[in-house]
Amino acid sequence: MSKLSRTHAVLLILFLVLVWGINWPMSKFALTYMPPVLFSGTRTLLGGLLLLIVAIPRLGRLRFRETWPIYIVSAVVNVILYYGLQTIGLNYLPSGLFSAIVFLQPVLVGLFSWLWLGEQMNVVKLIGLILGFAGVGVISNGGMSGPISVPGVLLALGSALSWALGTIFVKKTGPRVDPIWLVTLQLIFGGLLMTAVGSGVEKWSDVSWQPAFVASLLFISIFVIAIGWLVFYKLIDSGEASKVASYTFLIPMVAILTGTLFLNEPFTLSLLAGLVLIVISIFCVNRNPAAANKIRMSVGLSKKSSP
């Protein structure tokens, strides 16, 4: 993938944060019409099948015999484990607490990028990652009043870990595969498996195919799953993985603001405090030390040259 201009990257990040943030309340709504495992499998499978329309003209870039392990591993960590553990874990923990744990992912990506990708790590960047996680925790404080379950915590950690490992894996192996085919096949493979599991443990007769649900399912499959993952990988490939991942701290903020506007949920002081922490976090993670040093040097030189 080619490098992105700053304006293009900002627009893609804005799109991703908005659609992935809206995804939480929309998924909550959709789950009132469809059992969770079937919903998880159906939305990912549908997203993959829709992308197949775009992928087929690029069949010559597939090279499946050479690269099939990459597609399989990506499907396991980014779809099956991430969505599967997430769907099951929400049955054990309050959604706010579960979300806060899952969004440990940017911190893990920052650490793994430093260890395995050779990305720069400094004290300010590390503090920024920690502040972002703390901001998500503060925002989700209102959802932490329910019972704490050890299996639920472990499932949330597993979901965060699988997403982080998947991000690093794609960053490291992405240049060897076509990005459209990578997203398409991981969604189809993962969606097929989860739909098969859901068909065995849940009932299709429990699905209520109301127009509002169908519209929600299509929006999630097209914009959140198919286009969302394409945009995420485009951003990861075009910049430092830890910097891109830091913006995912904004996703719970969008989800809660959406709930405040459309579900009449309260805007609290903890929400405001969490937003401040997240903004500081993104500034710290994306701060350019070289640019800052140049500014300091130029200021020092101007002071020396002044009478």
# chains A, B, ... in the order shown; residues from 1 in each chain; ligands from 1

call {"tool": "residues_around", "arguments": {"residues": "Asp178 of chain A", "least_positions_apart": "5", "cutoff": "12 Å", "atoms": "only C-alpha atoms", "output": "number ranges by chain"}}
result
A: 1, 54-56, 58-64, 67-68, 70-71, 170, 173, 183-185, 230, 233-234, 237

call {"tool": "write_last_selection", "arguments": {"atoms": "C-alpha atoms", "output": "JSON list (two decimals), in the first residue's frame"}}
result
[["chain", "number", "residue", "atom", "x", "y", "z"],
["A", 1, "MET", "CA", 0.00, 0.00, 0.00],
["A", 54, "VAL", "CA", -14.32, -6.27, -5.04],
["A", 55, "ALA", "CA", -11.74, -9.05, -4.58],
["A", 56, "ILE", "CA", -12.59, -11.31, -7.54],
["A", 58, "ARG", "CA", -7.95, -9.03, -8.27],
["A", 59, "LEU", "CA", -7.81, -12.84, -8.43],
["A", 60, "GLY", "CA", -4.32, -12.76, -9.92],
["A", 61, "ARG", "CA", -3.01, -11.18, -6.71],
["A", 62, "LEU", "CA", -4.40, -13.91, -4.44],
["A", 63, "ARG", "CA", -1.50, -16.41, -4.71],
["A", 64, "PHE", "CA", -3.35, -18.64, -2.26],
["A", 67, "THR", "CA", 0.19, -17.25, 1.22],
["A", 68, "TRP", "CA", -2.70, -19.30, 2.65],
["A", 70, "ILE", "CA", -1.31, -15.70, 6.43],
["A", 71, "TYR", "CA", -5.04, -15.70, 5.62],
["A", 170, "VAL", "CA", -0.90, -7.87, 9.56],
["A", 173, "THR", "CA", 3.10, -9.84, 6.87],
["A", 183, "VAL", "CA", -9.73, -8.79, 4.66],
["A", 184, "THR", "CA", -12.12, -10.77, 2.43],
["A", 185, "LEU", "CA", -10.78, -14.22, 3.28],
["A", 230, "LEU", "CA", -9.95, -2.33, 5.06],
["A", 233, "TYR", "CA", -5.28, -2.16, 7.68],
["A", 234, "LYS", "CA", -4.66, 0.70, 5.26],
["A", 237, "ASP", "CA", 0.29, -0.27, 6.75]]

call {"tool": "residues_around", "arguments": {"residues": "Asn91 of chain A", "least_positions_apart": "6", "cutoff": "10 Å", "atoms": "only C-alpha atoms", "output": "list of chain:residue names"}}
result
A:Pro36, A:Phe98, A:Ser149, A:Gly152

call {"tool": "write_last_selection", "arguments": {"atoms": "C-alpha atoms", "output": "PDB file, in the first residue's frame"}}
result
ATOM      1  CA  PRO A  36     -25.126 -13.514  19.770  1.00  0.00           C
ATOM      2  CA  PHE A  98     -15.626  -5.380  29.204  1.00  0.00           C
ATOM      3  CA  SER A 149     -16.381 -12.416  36.820  1.00  0.00           C
ATOM      4  CA  GLY A 152     -15.295 -12.556  31.880  1.00  0.00           C
TER       5      GLY A 152
END

call {"tool": "select_by_dssp", "arguments": {"residues": "segment 47-268 of chain A", "states": "alpha helix (DSSP H)", "output": "MDAnalysis selection string"}}
result
chainID A and resid 47:55 64:75 82:89 95:102 105:116 123:139 150:173 179:201 211:219 228:238 241:246 250:262

call {"tool": "closest_residue", "arguments": {"among": "A:Ile13, A:Leu108, A:Ile127, A:Leu218", "to": "Leu45 of chain A", "atoms": "only C-alpha atoms"}}
result
A:Leu218

call {"tool": "closest_residue", "arguments": {"among": "A:Ser281, A:Thr258, A:Ser270, A:Ser205", "to": "Gly21 of chain A", "atoms": "only C-alpha atoms"}}
result
A:Thr258

call {"tool": "closest_residue", "arguments": {"among": "A:Leu182, A:Val109, A:Leu52, A:Leu187", "to": "Ile168 of chain A", "atoms": "only C-alpha atoms"}}
result
A:Val109

call {"tool": "closest_residue", "arguments": {"among": "A:Gly191, A:Gly200, A:Gly89, A:Pro35", "to": "Ile225 of chain A", "atoms": "only C-alpha atoms"}}
result
A:Gly191

call {"tool": "residues_around", "arguments": {"residues": "Ala212 of chain A", "least_positions_apart": "3", "cutoff": "10 Å", "atoms": "only C-alpha atoms", "output": "CSV table (one decimal) with all heavy atoms, in the first residue's frame"}}
result
chain,number,residue,atom,x,y,z
A,29,PHE,N,-28.5,-3.1,19.8
A,29,PHE,CA,-29.8,-3.1,19.2
A,29,PHE,C,-30.1,-4.4,18.4
A,29,PHE,O,-31.1,-5.0,18.6
A,29,PHE,CB,-30.0,-1.9,18.3
A,29,PHE,CG,-31.3,-1.9,17.5
A,29,PHE,CD1,-32.5,-1.6,18.0
A,29,PHE,CD2,-31.2,-2.2,16.1
A,29,PHE,CE1,-33.7,-1.6,17.3
A,29,PHE,CE2,-32.3,-2.3,15.4
A,29,PHE,CZ,-33.6,-2.0,15.9
A,30,ALA,N,-29.1,-4.8,17.6
A,30,ALA,CA,-29.3,-5.9,16.7
A,30,ALA,C,-29.4,-7.2,17.5
A,30,ALA,O,-30.1,-8.1,17.1
A,30,ALA,CB,-28.1,-6.0,15.7
A,33,TYR,N,-32.7,-8.9,18.3
A,33,TYR,CA,-33.4,-9.6,17.2
A,33,TYR,C,-32.7,-10.9,16.8
A,33,TYR,O,-33.3,-11.8,16.1
A,33,TYR,CB,-33.4,-8.7,16.0
A,33,TYR,CG,-34.3,-7.5,16.1
A,33,TYR,CD1,-33.7,-6.3,16.6
A,33,TYR,CD2,-35.6,-7.5,15.8
A,33,TYR,CE1,-34.5,-5.2,16.8
A,33,TYR,CE2,-36.4,-6.4,15.9
A,33,TYR,CZ,-35.8,-5.2,16.4
A,33,TYR,OH,-36.6,-4.1,16.6
A,209,TRP,N,-36.5,-11.2,11.7
A,209,TRP,CA,-36.1,-10.4,10.5
A,209,TRP,C,-36.9,-9.1,10.3
A,209,TRP,O,-37.5,-9.0,9.2
A,209,TRP,CB,-36.1,-11.3,9.3
A,209,TRP,CG,-35.2,-12.5,9.4
A,209,TRP,CD1,-35.5,-13.8,9.7
A,209,TRP,CD2,-33.7,-12.5,9.2
A,209,TRP,NE1,-34.4,-14.6,9.8
A,209,TRP,CE2,-33.3,-13.8,9.4
A,209,TRP,CE3,-32.8,-11.5,8.8
A,209,TRP,CZ2,-32.0,-14.2,9.3
A,209,TRP,CZ3,-31.5,-11.9,8.7
A,209,TRP,CH2,-31.1,-13.2,9.0
A,215,ALA,N,-31.7,-3.6,8.4
A,215,ALA,CA,-30.9,-2.4,8.0
A,215,ALA,C,-29.7,-2.2,8.9
A,215,ALA,O,-28.6,-1.9,8.4
A,215,ALA,CB,-31.8,-1.1,8.2
A,216,SER,N,-29.8,-2.5,10.2
A,216,SER,CA,-28.7,-2.5,11.1
A,216,SER,C,-27.6,-3.5,10.8
A,216,SER,O,-26.4,-3.2,10.8
A,216,SER,CB,-29.2,-2.7,12.6
A,216,SER,OG,-28.1,-2.8,13.5
A,217,LEU,N,-28.1,-4.7,10.4
A,217,LEU,CA,-27.1,-5.8,10.1
A,217,LEU,C,-26.3,-5.4,8.8
A,217,LEU,O,-25.1,-5.6,8.7
A,217,LEU,CB,-27.9,-7.1,9.8
A,217,LEU,CG,-27.1,-8.3,9.4
A,217,LEU,CD1,-26.0,-8.7,10.4
A,217,LEU,CD2,-28.0,-9.5,9.1

call {"tool": "atom_distance", "arguments": {"atom1": "atom CA of Asn78 of chain A", "atom2": "atom CA of Ile280 of chain A"}}
result
28.1 Å

call {"tool": "atom_distance", "arguments": {"atom1": "atom CA of Ile101 of chain A", "atom2": "atom CA of Pro179 of chain A"}}
result
28.5 Å

call {"tool": "closest_residue", "arguments": {"among": "A:Met26, A:Leu81, A:Met34, A:Val153", "to": "Gln210 of chain A", "atoms": "only C-alpha atoms"}}
result
A:Met34

call {"tool": "atom_distance", "arguments": {"atom1": "atom CA of Leu235 of chain A", "atom2": "atom CA of Ala9 of chain A"}}
result
6.9 Å

call {"tool": "closest_residue", "arguments": {"among": "A:Gly137, A:Pro69, A:Gly198, A:Gly228", "to": "Phe169 of chain A", "atoms": "only C-alpha atoms"}}
result
A:Pro69

call {"tool": "residues_around", "arguments": {"residues": "Leu18 of chain A", "least_positions_apart": "4", "cutoff": "7 Å", "atoms": "only C-alpha atoms", "output": "ChimeraX atom specification"}}
result
/A:14,22,254

call {"tool": "write_last_selection", "arguments": {"atoms": "N, CA, C and O atoms", "output": "tab-separated table (two decimals), in the first residue's frame"}}
result
chain	number	residue	atom	x	y	z
A	14	LEU	N	-11.00	9.36	11.04
A	14	LEU	CA	-12.29	9.89	11.45
A	14	LEU	C	-13.43	8.94	11.08
A	14	LEU	O	-14.32	8.66	11.90
A	22	ILE	N	-20.10	3.83	16.52
A	22	ILE	CA	-21.53	3.61	16.35
A	22	ILE	C	-21.87	2.13	16.41
A	22	ILE	O	-22.98	1.74	16.78
A	254	VAL	N	-17.05	7.70	21.23
A	254	VAL	CA	-18.11	7.86	20.24
A	254	VAL	C	-19.32	7.01	20.61
A	254	VAL	O	-20.47	7.45	20.49
